[in-house]
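Okay, final12.cif now, which holds mmCIF, C-alpha atoms:
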data_my_file
loop_
_atom_site.label_atom_id
_atom_site.label_comp_id
_atom_site.auth_asym_id
_atom_site.auth_seq_id
_atom_site.Cartn_x
_atom_site.Cartn_y
_atom_site.Cartn_z
CA MET A 182 -24.08 251.48 -102.51
CA ILE A 183 -21.74 248.60 -101.73
CA ALA A 184 -21.24 246.01 -104.49
CA LYS A 185 -23.11 242.74 -103.89
CA HIS A 186 -22.76 239.47 -105.77
CA PRO A 187 -25.39 236.76 -106.18
CA LYS A 188 -24.69 233.29 -104.77
CA THR A 189 -26.79 230.32 -103.73
CA LEU A 190 -27.36 229.24 -100.14
CA LEU A 191 -27.92 225.52 -99.79
CA VAL A 192 -29.16 224.29 -96.42
CA ILE A 193 -29.00 220.58 -95.70
CA VAL A 194 -30.71 219.25 -92.58
CA ALA A 195 -29.63 215.67 -91.95
CA GLU A 196 -28.79 213.02 -89.40
CA ALA A 197 -25.67 214.11 -87.54
CA LEU A 198 -23.70 211.03 -88.44
CA LEU A 199 -23.72 212.17 -92.07
CA GLU A 200 -21.78 215.34 -91.26
CA LYS A 201 -18.37 213.96 -92.14
CA ASN A 202 -19.59 212.58 -95.47
CA LEU A 203 -21.57 215.68 -96.41
CA VAL A 204 -18.67 218.01 -95.70
CA ARG A 205 -16.31 215.75 -97.66
CA ASP A 206 -18.70 215.64 -100.63
CA ALA A 207 -19.17 219.41 -100.51
CA ARG A 208 -15.42 220.07 -100.50
CA GLN A 209 -14.92 217.68 -103.39
CA ARG A 210 -17.38 219.76 -105.40
CA GLY A 211 -15.56 222.97 -104.68
CA VAL A 212 -17.43 224.38 -101.68
CA GLN A 213 -14.97 226.47 -99.67
CA GLY A 214 -16.83 227.23 -96.47
CA TRP A 215 -19.72 225.88 -94.45
CA THR A 216 -21.43 226.26 -91.10
CA VAL A 217 -22.80 223.39 -89.06
CA SER A 218 -25.17 223.68 -86.14
CA GLU A 219 -26.99 221.13 -84.08
CA VAL A 220 -30.74 221.31 -84.30
CA HIS A 221 -33.73 219.24 -83.35
CA GLY A 222 -37.13 218.87 -84.87
CA ALA A 223 -39.34 216.53 -86.83
CA SER A 224 -39.83 215.25 -90.34
CA LEU A 225 -42.00 212.71 -92.12
CA GLU A 226 -39.89 210.01 -90.50
CA GLY A 227 -40.76 211.20 -87.01
CA VAL A 228 -39.45 213.40 -84.22
CA ARG A 229 -35.70 213.70 -83.69
CA ASP A 230 -35.22 215.26 -80.26
CA GLY A 231 -31.46 214.93 -80.17
CA ASP A 232 -31.63 213.31 -76.75
CA TRP A 233 -28.67 211.04 -77.29
CA GLU A 234 -25.96 210.18 -79.80
CA ALA A 235 -27.98 208.40 -82.46
CA ASP A 236 -30.78 210.95 -82.37
CA ARG A 237 -28.81 214.06 -83.29
CA THR A 238 -29.58 216.25 -86.28
CA ILE A 239 -27.39 218.86 -87.96
CA GLU A 240 -28.07 221.82 -90.18
CA LEU A 241 -25.32 222.38 -92.74
CA LYS A 242 -25.30 225.74 -94.49
CA LEU A 243 -23.24 226.26 -97.60
CA ILE A 244 -22.93 229.29 -99.84
CA CYS A 245 -21.59 228.65 -103.33
CA ASP A 246 -22.33 229.02 -107.03
CA GLU A 247 -25.69 227.76 -108.15
CA ALA A 248 -24.15 225.00 -110.30
CA VAL A 249 -22.14 223.68 -107.36
CA ALA A 250 -25.17 223.73 -105.08
CA ASP A 251 -27.22 221.90 -107.70
CA ALA A 252 -24.57 219.22 -108.20
CA LEU A 253 -24.17 218.69 -104.47
CA ALA A 254 -27.92 218.54 -103.87
CA ALA A 255 -28.37 216.02 -106.69
CA HIS A 256 -25.61 213.89 -105.20
CA VAL A 257 -27.12 214.03 -101.70
CA LEU A 258 -30.55 213.20 -103.07
CA ALA A 259 -29.21 210.14 -104.88
CA THR A 260 -26.76 208.91 -102.23
CA TYR A 261 -28.25 209.63 -98.83
CA ALA A 262 -31.90 210.60 -99.17
CA PRO A 263 -33.16 207.07 -99.94
CA HIS A 264 -32.16 205.76 -96.51
CA TYR A 265 -31.47 208.74 -94.25
CA SER A 266 -33.57 211.65 -93.04
CA VAL A 267 -32.49 214.55 -95.23
CA ALA A 268 -34.12 217.89 -96.03
CA MET A 269 -32.65 220.46 -98.40
CA TYR A 270 -33.59 223.90 -99.59
CA PHE A 271 -32.04 226.68 -101.64
CA ALA A 272 -32.16 230.41 -101.34
CA PRO A 273 -30.60 233.18 -103.40
CA VAL A 274 -28.25 235.27 -101.30
CA GLN A 275 -25.92 238.18 -101.89
CA VAL A 276 -22.34 238.28 -100.70
CA LEU A 277 -19.71 240.99 -100.60
CA ARG A 278 -16.59 239.01 -101.47
CA PRO A 279 -17.58 236.43 -104.11
CA GLU A 280 -14.13 234.86 -104.31
CA ARG A 281 -14.63 233.48 -100.80
CA PHE A 282 -17.54 231.28 -101.84
CA MET B 134 -34.35 195.16 -53.23
CA ILE B 135 -34.00 197.53 -56.16
CA ASP B 136 -30.71 199.43 -56.33
CA VAL B 137 -31.13 203.13 -55.62
CA VAL B 138 -29.81 204.18 -59.05
CA VAL B 139 -32.67 202.28 -60.71
CA PHE B 140 -35.16 204.61 -59.01
CA PHE B 141 -33.58 207.50 -60.88
CA PHE B 142 -34.12 205.66 -64.13
CA LEU B 143 -37.77 205.05 -63.23
CA LEU B 144 -38.15 208.72 -62.31
CA GLY B 145 -36.88 209.64 -65.78
CA VAL B 146 -39.33 207.27 -67.47
CA PHE B 147 -42.15 208.64 -65.32
CA ALA B 148 -41.21 212.23 -66.17
CA ARG B 149 -41.41 211.42 -69.87
CA LEU B 150 -44.68 209.53 -69.57
CA VAL B 151 -46.38 212.45 -67.78
CA LYS B 152 -44.90 214.83 -70.38
CA SER B 153 -42.84 216.78 -67.85
CA ASP B 154 -40.72 219.60 -69.23
CA LEU B 155 -37.67 218.03 -67.56
CA ARG B 156 -34.80 217.87 -70.01
CA LEU B 157 -31.13 217.52 -69.11
CA PRO B 158 -28.89 219.82 -71.12
CA GLU B 159 -27.14 217.99 -73.92
CA ALA B 160 -23.75 219.14 -72.66
CA LEU B 161 -24.46 217.47 -69.33
CA TYR B 162 -25.45 214.20 -70.99
CA GLU B 163 -22.21 214.33 -72.96
CA THR B 164 -20.16 215.11 -69.83
CA LEU B 165 -21.77 212.36 -67.77
CA SER B 166 -21.24 209.72 -70.45
CA ILE B 167 -17.58 210.70 -70.85
CA TYR B 168 -17.15 210.55 -67.09
CA LEU B 169 -18.77 207.11 -66.79
CA LEU B 170 -16.73 205.59 -69.60
CA LEU B 171 -13.47 206.96 -68.22
CA ALA B 172 -14.28 205.98 -64.63
CA ILE B 173 -15.26 202.42 -65.58
CA GLY B 174 -12.08 202.09 -67.64
CA LEU B 175 -9.87 203.51 -64.89
CA LYS B 176 -11.30 201.21 -62.27
CA GLY B 177 -10.71 198.16 -64.45
CA GLY B 178 -7.23 199.38 -65.40
CA ILE B 179 -6.12 199.80 -61.79
CA GLU B 180 -6.99 196.15 -61.13
CA LEU B 181 -5.32 195.13 -64.36
CA SER B 182 -2.05 196.63 -63.13
CA LYS B 183 -2.03 194.07 -60.32
CA GLN B 184 -2.02 190.96 -62.48
CA PRO B 185 -0.25 189.39 -65.47
CA ILE B 186 -2.08 190.48 -68.61
CA ALA B 187 -1.26 187.30 -70.57
CA ALA B 188 -3.39 185.26 -68.15
CA LEU B 189 -6.45 187.22 -69.29
CA ALA B 190 -6.12 186.32 -72.98
CA PRO B 191 -8.54 183.36 -72.85
CA GLN B 192 -11.21 185.55 -71.19
CA VAL B 193 -10.76 188.30 -73.74
CA LEU B 194 -10.97 185.91 -76.67
CA ALA B 195 -14.01 184.15 -75.20
CA CYS B 196 -15.81 187.49 -74.68
CA MET B 197 -15.11 188.55 -78.25
CA ALA B 198 -16.32 185.18 -79.57
CA LEU B 199 -19.52 185.50 -77.52
CA GLY B 200 -20.20 188.98 -78.89
CA PHE B 201 -19.59 187.74 -82.42
CA ALA B 202 -21.80 184.66 -82.00
CA ILE B 203 -24.85 186.41 -80.49
CA PRO B 204 -26.11 188.04 -83.71
CA PHE B 205 -25.90 184.72 -85.59
CA ALA B 206 -27.87 183.00 -82.82
CA LEU B 207 -30.56 185.71 -82.65
CA TYR B 208 -30.95 186.30 -86.37
CA PRO B 209 -33.13 183.20 -87.06
CA LEU B 210 -35.40 184.23 -84.17
CA ALA B 211 -35.79 187.75 -85.55
CA ARG B 212 -36.51 186.34 -89.01
CA ALA B 213 -39.05 183.92 -87.55
CA LEU B 214 -40.85 186.96 -86.14
CA ARG B 215 -41.19 188.20 -89.73
CA LEU B 216 -38.70 191.03 -89.56
CA ALA B 217 -37.13 191.86 -92.92
CA GLY B 218 -33.65 190.39 -93.31
CA VAL B 219 -31.78 193.67 -93.19
CA ASP B 220 -33.82 194.95 -90.24
CA ALA B 221 -33.22 191.70 -88.37
CA ALA B 222 -29.47 191.92 -89.04
CA ALA B 223 -29.21 195.49 -87.76
CA LEU B 224 -31.31 194.64 -84.72
CA VAL B 225 -29.27 191.62 -83.67
CA ALA B 226 -26.04 193.61 -84.04
CA HIS B 227 -27.25 195.82 -81.17
CA TYR B 228 -27.51 192.70 -78.99
CA GLY B 229 -24.10 191.40 -80.06
CA SER B 230 -22.58 194.68 -78.90
CA VAL B 231 -22.89 195.75 -75.26
CA SER B 232 -24.34 198.52 -73.11
CA VAL B 233 -21.80 200.11 -70.80
CA VAL B 234 -24.43 201.61 -68.53
CA THR B 235 -26.17 198.25 -68.04
CA PHE B 236 -22.76 196.90 -67.03
CA ALA B 237 -22.29 199.80 -64.62
CA VAL B 238 -25.67 199.17 -62.99
CA ALA B 239 -24.86 195.46 -62.62
CA SER B 240 -21.47 196.11 -61.04
CA ALA B 241 -23.03 198.67 -58.69
CA ALA B 242 -25.63 196.07 -57.66
CA LEU B 243 -22.90 193.47 -57.04
CA THR B 244 -20.87 195.89 -54.95
CA ARG B 245 -23.90 196.80 -52.87
CA GLN B 246 -24.68 193.13 -52.23
CA GLY B 247 -21.07 192.41 -51.31
CA ILE B 248 -20.61 189.90 -54.14
CA PRO B 249 -17.00 189.99 -55.41
CA TYR B 250 -16.28 190.14 -59.13
CA GLU B 251 -13.24 190.34 -61.37
CA SER B 252 -12.34 194.01 -61.10
CA HIS B 253 -10.79 194.02 -64.55
CA ALA B 254 -14.26 193.30 -66.01
CA ALA B 255 -14.17 196.67 -67.81
CA LEU B 256 -11.78 194.97 -70.20
CA TRP B 257 -14.55 192.58 -71.24
CA VAL B 258 -16.81 195.53 -72.00
CA ALA B 259 -14.16 197.20 -74.14
CA VAL B 260 -13.52 194.10 -76.26
CA MET B 261 -17.21 193.17 -76.63
CA GLU B 262 -18.26 196.41 -78.27
CA ALA B 263 -17.09 195.67 -81.81
CA PRO B 264 -17.41 191.93 -82.65
CA GLY B 265 -21.23 191.96 -82.56
CA LEU B 266 -21.31 194.91 -84.93
CA VAL B 267 -19.09 193.09 -87.43
CA ALA B 268 -21.34 190.03 -87.21
CA GLY B 269 -24.44 192.19 -87.74
CA ILE B 270 -22.92 193.83 -90.79
CA LEU B 271 -21.97 190.43 -92.26
CA LEU B 272 -25.55 189.24 -91.72
CA ALA B 273 -26.90 192.39 -93.35
CA ARG B 274 -24.59 191.93 -96.34
CA TRP B 275 -25.73 188.36 -96.65
CA SER B 276 -29.42 189.28 -96.39
CA LEU B 277 -29.03 191.97 -99.07
CA ARG B 278 -27.02 189.66 -101.35
CA GLU B 279 -25.91 191.71 -104.36
CA GLY B 280 -27.98 194.82 -103.83
CA GLY B 281 -26.20 196.30 -100.86
CA GLY B 282 -23.34 198.35 -102.23
CA ARG B 283 -19.88 198.29 -100.69
CA VAL B 284 -19.15 198.51 -97.00
CA ALA B 285 -16.32 200.92 -96.20
CA TRP B 286 -14.76 198.64 -93.59
CA GLY B 287 -11.80 200.93 -92.98
CA GLU B 288 -13.99 203.91 -92.21
CA LEU B 289 -16.23 201.76 -90.05
CA ALA B 290 -13.33 200.30 -88.07
CA HIS B 291 -12.12 203.84 -87.47
CA ASP B 292 -15.53 204.98 -86.24
CA VAL B 293 -15.96 202.02 -83.88
CA LEU B 294 -12.42 201.69 -82.52
CA PHE B 295 -11.88 205.43 -82.15
CA GLY B 296 -15.47 206.28 -81.33
CA LYS B 297 -15.91 207.73 -77.87
CA SER B 298 -17.04 204.57 -76.07
CA VAL B 299 -14.14 202.30 -77.01
CA LEU B 300 -11.63 205.14 -76.96
CA LEU B 301 -12.53 206.31 -73.45
CA LEU B 302 -12.98 202.83 -72.01
CA ALA B 303 -9.71 201.53 -73.44
CA GLY B 304 -8.00 204.84 -72.64
CA GLY B 305 -9.19 204.66 -69.04
CA ILE B 306 -8.03 201.06 -68.76
CA ALA B 307 -4.61 201.97 -70.15
CA ILE B 308 -4.20 204.96 -67.83
CA GLY B 309 -5.33 202.91 -64.83
CA ALA B 310 -3.02 200.02 -65.73
CA VAL B 311 0.02 202.27 -66.21
CA ALA B 312 -0.59 204.56 -63.23
CA GLY B 313 -1.75 201.82 -60.87
CA GLU B 314 -3.39 202.29 -57.50
CA ALA B 315 -0.81 204.78 -56.20
CA GLY B 316 -0.69 206.83 -59.39
CA THR B 317 -4.46 207.25 -59.59
CA ALA B 318 -4.84 208.11 -55.89
CA PRO B 319 -4.86 211.89 -56.54
CA ILE B 320 -7.82 211.63 -58.97
CA LYS B 321 -9.71 209.07 -56.91
CA ALA B 322 -11.90 211.75 -55.35
CA VAL B 323 -13.26 212.61 -58.82
CA PHE B 324 -13.24 209.36 -60.74
CA ILE B 325 -13.86 206.63 -58.19
CA ASP B 326 -15.80 207.94 -55.20
CA PRO B 327 -18.66 209.90 -56.85
CA PHE B 328 -19.24 207.20 -59.47
CA LYS B 329 -22.57 206.01 -58.22
CA GLY B 330 -24.03 209.50 -57.90
CA VAL B 331 -23.06 210.29 -61.46
CA LEU B 332 -24.51 206.98 -62.61
CA ALA B 333 -27.79 207.91 -60.92
CA LEU B 334 -27.90 211.24 -62.75
CA PHE B 335 -27.11 209.57 -66.06
CA LEU B 336 -29.85 207.03 -65.51
CA LEU B 337 -32.32 209.84 -64.94
CA GLU B 338 -31.45 211.12 -68.40
CA LEU B 339 -31.61 207.65 -69.92
CA GLY B 340 -35.02 207.18 -68.31
CA LEU B 341 -36.20 210.26 -70.20
CA VAL B 342 -34.82 208.88 -73.47
CA ALA B 343 -36.13 205.35 -72.94
CA GLY B 344 -39.52 206.69 -71.86
CA GLY B 345 -39.69 208.55 -75.15
CA ARG B 346 -39.09 205.33 -77.06
CA LEU B 347 -41.83 203.44 -75.20
CA ALA B 348 -44.50 205.14 -77.29
CA GLU B 349 -42.80 203.74 -80.40
CA VAL B 350 -43.30 200.14 -79.28
CA ARG B 351 -46.85 200.13 -80.60
CA ARG B 352 -45.60 201.19 -84.02
CA PHE B 353 -43.55 198.05 -84.50
CA GLY B 354 -45.92 195.46 -83.06
CA PRO B 355 -45.23 192.33 -81.05
CA ALA B 356 -41.97 191.29 -82.78
CA VAL B 357 -40.05 194.09 -81.05
CA LEU B 358 -41.56 193.17 -77.69
CA VAL B 359 -40.74 189.48 -78.12
CA ILE B 360 -37.11 190.21 -79.03
CA GLY B 361 -36.70 193.01 -76.50
CA LEU B 362 -37.98 190.94 -73.60
CA GLY B 363 -37.14 187.42 -74.79
CA ALA B 364 -33.60 187.83 -76.03
CA PRO B 365 -31.98 189.16 -72.81
CA PRO B 366 -32.77 186.16 -70.55
CA LEU B 367 -31.73 183.68 -73.27
CA LEU B 368 -28.49 185.56 -73.94
CA ALA B 369 -27.85 185.86 -70.20
CA LEU B 370 -27.96 182.06 -69.97
CA ALA B 371 -25.32 181.82 -72.69
CA GLY B 372 -23.19 184.47 -70.98
CA ALA B 373 -23.50 182.80 -67.60
CA ALA B 374 -22.57 179.42 -69.09
CA LEU B 375 -19.47 180.93 -70.68
CA GLY B 376 -18.54 182.66 -67.43
CA TRP B 377 -18.91 179.39 -65.57
CA ALA B 378 -16.77 177.56 -68.17
CA LEU B 379 -14.09 180.25 -67.79
CA GLY B 380 -14.11 179.65 -64.05
CA LEU B 381 -15.17 183.21 -63.18
CA SER B 382 -16.30 184.26 -59.72
CA THR B 383 -20.02 184.58 -58.89
CA GLY B 384 -19.94 188.28 -59.65
CA GLY B 385 -17.98 187.65 -62.84
CA VAL B 386 -20.58 185.17 -64.08
CA ALA B 387 -23.34 187.70 -63.32
CA LEU B 388 -21.47 190.44 -65.18
CA LEU B 389 -20.81 188.30 -68.25
CA ALA B 390 -24.49 187.26 -68.24
CA THR B 391 -25.43 190.94 -68.08
CA LEU B 392 -23.07 191.87 -70.89
CA ALA B 393 -24.44 189.09 -73.09
CA ALA B 394 -28.02 190.20 -72.32
CA SER B 395 -27.39 193.91 -72.87
CA ALA B 396 -27.95 195.77 -76.12
CA SER B 397 -25.81 198.66 -77.30
CA TYR B 398 -27.53 202.00 -77.87
CA ILE B 399 -24.51 204.25 -78.44
CA ALA B 400 -22.00 202.51 -80.70
CA ALA B 401 -24.36 200.15 -82.49
CA PRO B 402 -26.98 202.59 -83.83
CA THR B 403 -24.33 204.81 -85.36
CA ALA B 404 -22.28 201.96 -86.78
CA MET B 405 -25.31 200.20 -88.26
CA ARG B 406 -26.68 203.44 -89.67
CA ILE B 407 -23.45 203.96 -91.57
CA ALA B 408 -22.89 200.35 -92.63
CA VAL B 409 -26.49 199.30 -93.26
CA PRO B 410 -28.50 202.44 -94.09
CA GLN B 411 -31.33 200.34 -95.55
CA ALA B 412 -32.22 198.96 -92.12
CA ASN B 413 -34.97 200.51 -90.01
CA ALA B 414 -33.00 202.30 -87.28
CA ALA B 415 -36.04 203.20 -85.18
CA LEU B 416 -36.93 199.53 -84.84
CA SER B 417 -33.53 198.60 -83.42
CA ILE B 418 -33.44 201.57 -81.08
CA THR B 419 -36.92 200.89 -79.78
CA ALA B 420 -35.99 197.30 -78.93
CA ALA B 421 -32.55 198.10 -77.48
CA LEU B 422 -33.27 201.29 -75.58
CA GLY B 423 -37.05 201.26 -75.16
CA ILE B 424 -37.47 197.65 -74.04
CA THR B 425 -34.26 195.73 -73.35
CA PHE B 426 -32.43 198.43 -71.41
CA PRO B 427 -35.29 199.05 -68.93
CA PHE B 428 -35.90 195.31 -68.65
CA ASN B 429 -32.28 194.58 -67.83
CA VAL B 430 -31.89 197.44 -65.39
CA VAL B 431 -35.08 196.81 -63.44
CA ILE B 432 -35.70 193.06 -63.71
CA GLY B 433 -32.87 191.36 -65.60
CA ILE B 434 -29.85 192.21 -63.46
CA PRO B 435 -31.31 190.83 -60.19
CA LEU B 436 -32.24 187.68 -62.13
CA TYR B 437 -28.76 187.32 -63.62
CA ILE B 438 -27.18 187.76 -60.19
CA ALA B 439 -29.48 185.09 -58.75
CA LEU B 440 -28.59 182.81 -61.67
CA ALA B 441 -24.88 183.33 -61.07
CA GLN B 442 -25.30 182.50 -57.38
CA ARG B 443 -26.92 179.21 -58.39
CA ILE B 444 -24.30 178.08 -60.87
CA ALA B 445 -21.13 179.64 -59.46
CA PRO B 446 -21.59 179.85 -55.69
#
Translate this file's structure into structure tokens.
Amino acid sequence: MIAKHPKTLLVIVAEALLEKNLVRDARQRGVQGWTVSEVHGASLEGVRDGDWEADRTIELKLICDEAVADALAAHVLATYAPHYSVAMYFAPVQVLRPERF
Amino acid sequence: MIDVVVFFFLLGVFARLVKSDLRLPEALYETLSIYLLLAIGLKGGIELSKQPIAALAPQVLACMALGFAIPFALYPLARALRLAGVDAAALVAHYGSVSVVTFAVASAALTRQGIPYESHAALWVAVMEAPGLVAGILLARWSLREGGGRVAWGELAHDVLFGKSVLLLAGGIAIGAVAGEAGTAPIKAVFIDPFKGVLALFLLELGLVAGGRLAEVRRFGPAVLVIGLGAPPLLALAGAALGWALGLSTGGVALLATLAASASYIAAPTAMRIAVPQANAALSITAALGITFPFNVVIGIPLYIALAQRIAP
């Protein structure tokens, strides 16, 4: 059985123009790696089809320690969520090389 | 007579209204918009290489002043229509800035009708993108008084000046001006000749997007309609008057009227979202892209051309 280590996956779905800020905030809190993909969908604020520049949505996935994920999520909730479309969720994950996260 | 590219726009709107599954791939939209910005810049730059740049300074300054003044002129109207201060500020910023595609449709219409215009007009577009945004942000700051937090002006300037629209337009102008007519001859077959076909394809896509926003109009009530339909003709008058005062040609007056009447839907939404997150972005977009853009493309531009022929024959 290969050794697995628990980490937290934090997924942030947000307006694409926040990408730069979110990545910067994540790095400042010690996140070492992330994945961004473009998505489209809907939220309470309405449908975001991603048809043109201002309508794009990203999904930012980060794997890190639970404390880091919590701190980042609290920051995003306080800073961006009041005025931007943001959705976040956590999931416990297992990784093979914990020092990379 | 409606210009042929406008039919493509109407086809896009129609496709959206009948819920067609037509959807242009995002990569194509991106490619087409890069192409249009570069091609418009190049064309203006080639003409720029033929004349002394210093002589254009008064035009450039006047265009920037017009872009900066528009939000201040429109703001009281938006407030009178009972829009919240911060929403009104963000909305009028879109009108202070300009729509490159509206400009492209107007210049295509002028060319088709054989009306000459200053070929360096792309320069006006490039310098009119930012001043209206700055004015809108100042208005938003003022409407929020203390409660607004700090604006990161440096970051904002970076995003606007190095954002794709200004970067590609100005880059195209610079390349065209340096390379000149002879230097750009080898790429003419790509960047100059197929321009109108590409514009038609892009308008099909924009028709789809604008058609999608039409449904939103009901959400925001009559204020959005009044601004979206009322502001462009008023602003066109101001633009035409300025063009006349600058001694522009008939086509030049029509283009400046069009630029004044147009509302930005690429640079402005992003810039205002970053600088004024409290504002209702959907409201601005619905007015700029759902109402004003179709109005200008279908009805406004022929009107502005007719106006220019009256005052600057």
Chain A near chain B within 8 Å: what's each residue's closest atom pair and its distance in Å to one decimal, counting all atoms listed in the file, ordered by chain then ascending residue number, as JSON lines?
{"residue": "A:Leu198", "atom": "CA", "partner": "B:Thr403", "partner_atom": "CA", "distance": 7.0}
{"residue": "A:Asp232", "atom": "CA", "partner": "B:Val342", "partner_atom": "CA", "distance": 6.4}
{"residue": "A:Trp233", "atom": "CA", "partner": "B:Val342", "partner_atom": "CA", "distance": 7.6}
{"residue": "A:Glu234", "atom": "CA", "partner": "B:Ile399", "partner_atom": "CA", "distance": 6.3}
{"residue": "A:Ala235", "atom": "CA", "partner": "B:Thr403", "partner_atom": "CA", "distance": 5.9}
{"residue": "A:His264", "atom": "CA", "partner": "B:Pro410", "partner_atom": "CA", "distance": 5.5}
{"residue": "A:Tyr265", "atom": "CA", "partner": "B:Pro410", "partner_atom": "CA", "distance": 7.0}
Quiz item: Applied to this file, what does the PyMOL selection byres ((chain B and resi 306) around 12) return in terms of residues, put as a ChimeraX atom specification?
Solution: /B:170-182,252-260,299-305,307-313,317
Self-check item: Output of the PyMOL selection byres ((chain B and resi 239) around 10), listed as a VMD selection string
Solution: chain B and resid 136 233 to 238 240 to 245 384 387 to 392 429 to 430 433 to 435 437 to 438
Self-check item: Two-atom distance - CA of Phe142 (chain B), CA of Ala333 (chain B) (Å)
Solution: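 About the pair CA of Phe142 (chain B) and CA of Ala333 (chain B): they are 7.4 Å apart.
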Quiz item: What residues come out when you apply the PyMOL selection byres ((chain A and resi 243) around 10) to this file, written as a PyMOL selection string?
Solution: chain A and resi 189-193+204+207+212-217+240-242+244-246+250+271+282
Practice problem: Can you work out the spacing between CA of Leu165 (chain B) and CA of Ala290 (chain B) in Å, to one decimal? | Solution: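 Between CA of Leu165 (chain B) and CA of Ala290 (chain B) the gap is 25.1 Å.
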Quiz item: Taking all atoms listed in the file into account, which of B:Ala445, B:Val138, B:Ile432, B:Leu271 comes nearest Ser382 (chain B)?
Solution: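 Closest to Ser382 (chain B), using all atoms listed in the file: B:Ala445.
In this structure, CA of Phe335 (chain B) sits 17.4 Å away from CA of Ser153 (chain B).
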Do a neighbour search on Pro187 (chain A) at 12 Å with all atoms listed in the file, toss out local chain neighbours closer than 6 positions, and write the hits as a compact mmCIF listing (two decimals) with C-alpha atoms, in the coordinates of the input.
# COMPACT_ATOMS: atom_id res chain seq x y z
CA ILE A 244 -22.93 229.29 -99.84
CA CYS A 245 -21.59 228.65 -103.33
CA ASP A 246 -22.33 229.02 -107.03
CA GLU A 247 -25.69 227.76 -108.15
CA ALA A 272 -32.16 230.41 -101.34
CA PRO A 273 -30.60 233.18 -103.40
CA VAL A 274 -28.25 235.27 -101.30
CA GLN A 275 -25.92 238.18 -101.89
CA VAL A 276 -22.34 238.28 -100.70
CA LEU A 277 -19.71 240.99 -100.60
CA ARG A 278 -16.59 239.01 -101.47
CA PRO A 279 -17.58 236.43 -104.11
CA GLU A 280 -14.13 234.86 -104.31
CA PHE A 282 -17.54 231.28 -101.84
Would you pick out the contacts of Ala206 (chain B) at 10 Å or less, using only C-alpha atoms, so that residues sharing its chain but fewer than 5 positions from it are not included, and give the list as a PDB file with C-alpha atoms, in the frame of the given file?
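After the write, selection24.pdb holds the following:
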ATOM      1  CA  PHE B 201     -19.590 187.740 -82.420  1.00  0.00           C
ATOM      2  CA  ALA B 211     -35.790 187.750 -85.550  1.00  0.00           C
ATOM      3  CA  VAL B 225     -29.270 191.620 -83.670  1.00  0.00           C
ATOM      4  CA  GLY B 229     -24.100 191.400 -80.060  1.00  0.00           C
ATOM      5  CA  LEU B 368     -28.490 185.560 -73.940  1.00  0.00           C
TER       6      LEU B 368
END
Self-check item: All residues 8 Å or closer to Arg210 (chain A), only C-alpha atoms, same chain fewer than 2 positions away omitted, as a PyMOL selection string
Solution: chain A and resi 206-208+212+249+252-253
Could you write out that same residue set with C-alpha atoms as a PDB file, in the coordinates of the input?
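Output below, filename out-v7.pdb:
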ATOM      1  CA  ASP A 206     -18.700 215.640-100.630  1.00  0.00           C
ATOM      2  CA  ALA A 207     -19.170 219.410-100.510  1.00  0.00           C
ATOM      3  CA  ARG A 208     -15.420 220.070-100.500  1.00  0.00           C
ATOM      4  CA  VAL A 212     -17.430 224.380-101.680  1.00  0.00           C
ATOM      5  CA  VAL A 249     -22.140 223.680-107.360  1.00  0.00           C
ATOM      6  CA  ALA A 252     -24.570 219.220-108.200  1.00  0.00           C
ATOM      7  CA  LEU A 253     -24.170 218.690-104.470  1.00  0.00           C
TER       8      LEU A 253
END
Practice problem: May I ask which of the residues A:Arg237, A:Arg281, A:Arg229, A:His221 is the closest one to Leu199 (chain A), counting only C-alpha atoms? | Solution: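 The answer is A:Arg237, which sits nearest to Leu199 (chain A).
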Exercise. Could you give me, as a list of chain:residue names, the residues within 12 Å of Arg351 (chain B), counting all atoms listed in the file and dropping anything in the same chain fewer than 6 positions from it?
Key: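 The residues that qualify are B:Val357, B:Leu358, B:Leu416, B:Thr419, B:Ala420, B:Gly423, B:Ile424.
In terms of minimum interatomic distance to Val431 (chain B), B:Leu336 ranks closest within B:Val231, B:Leu336, B:Ile248, B:Leu199, counting only C-alpha atoms.
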Quiz item: If we count only C-alpha atoms, what is near Glu219 (chain A) at a cut-off of 10 Å, once residues fewer than 5 positions away on the same chain are taken out, given as an MDAnalysis selection string?
Solution: chainID A and resid 194:197 231 237:241
Could I see region 277-282 of chain A restored to N, CA and C atoms, set down as an mmCIF file, in the coordinates of the input?
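Saved to part.cif:
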data_model
loop_
_atom_site.group_PDB
_atom_site.id
_atom_site.type_symbol
_atom_site.label_atom_id
_atom_site.label_comp_id
_atom_site.auth_asym_id
_atom_site.auth_seq_id
_atom_site.Cartn_x
_atom_site.Cartn_y
_atom_site.Cartn_z
ATOM 1 N N LEU A 277 -20.553 239.836 -100.293
ATOM 2 C CA LEU A 277 -19.710 240.990 -100.600
ATOM 3 C C LEU A 277 -18.415 240.591 -101.291
ATOM 4 N N ARG A 278 -17.872 239.428 -100.902
ATOM 5 C CA ARG A 278 -16.590 239.010 -101.470
ATOM 6 C C ARG A 278 -16.769 237.664 -102.166
ATOM 7 N N PRO A 279 -17.172 237.658 -103.427
ATOM 8 C CA PRO A 279 -17.580 236.430 -104.110
ATOM 9 C C PRO A 279 -16.471 235.393 -104.193
ATOM 10 N N GLU A 280 -15.215 235.828 -104.168
ATOM 11 C CA GLU A 280 -14.130 234.860 -104.310
ATOM 12 C C GLU A 280 -14.028 233.929 -103.090
ATOM 13 N N ARG A 281 -14.681 234.321 -101.997
ATOM 14 C CA ARG A 281 -14.630 233.480 -100.800
ATOM 15 C C ARG A 281 -15.646 232.343 -100.827
ATOM 16 N N PHE A 282 -16.498 232.322 -101.830
ATOM 17 C CA PHE A 282 -17.540 231.280 -101.840
ATOM 18 C C PHE A 282 -17.384 230.399 -103.068
#
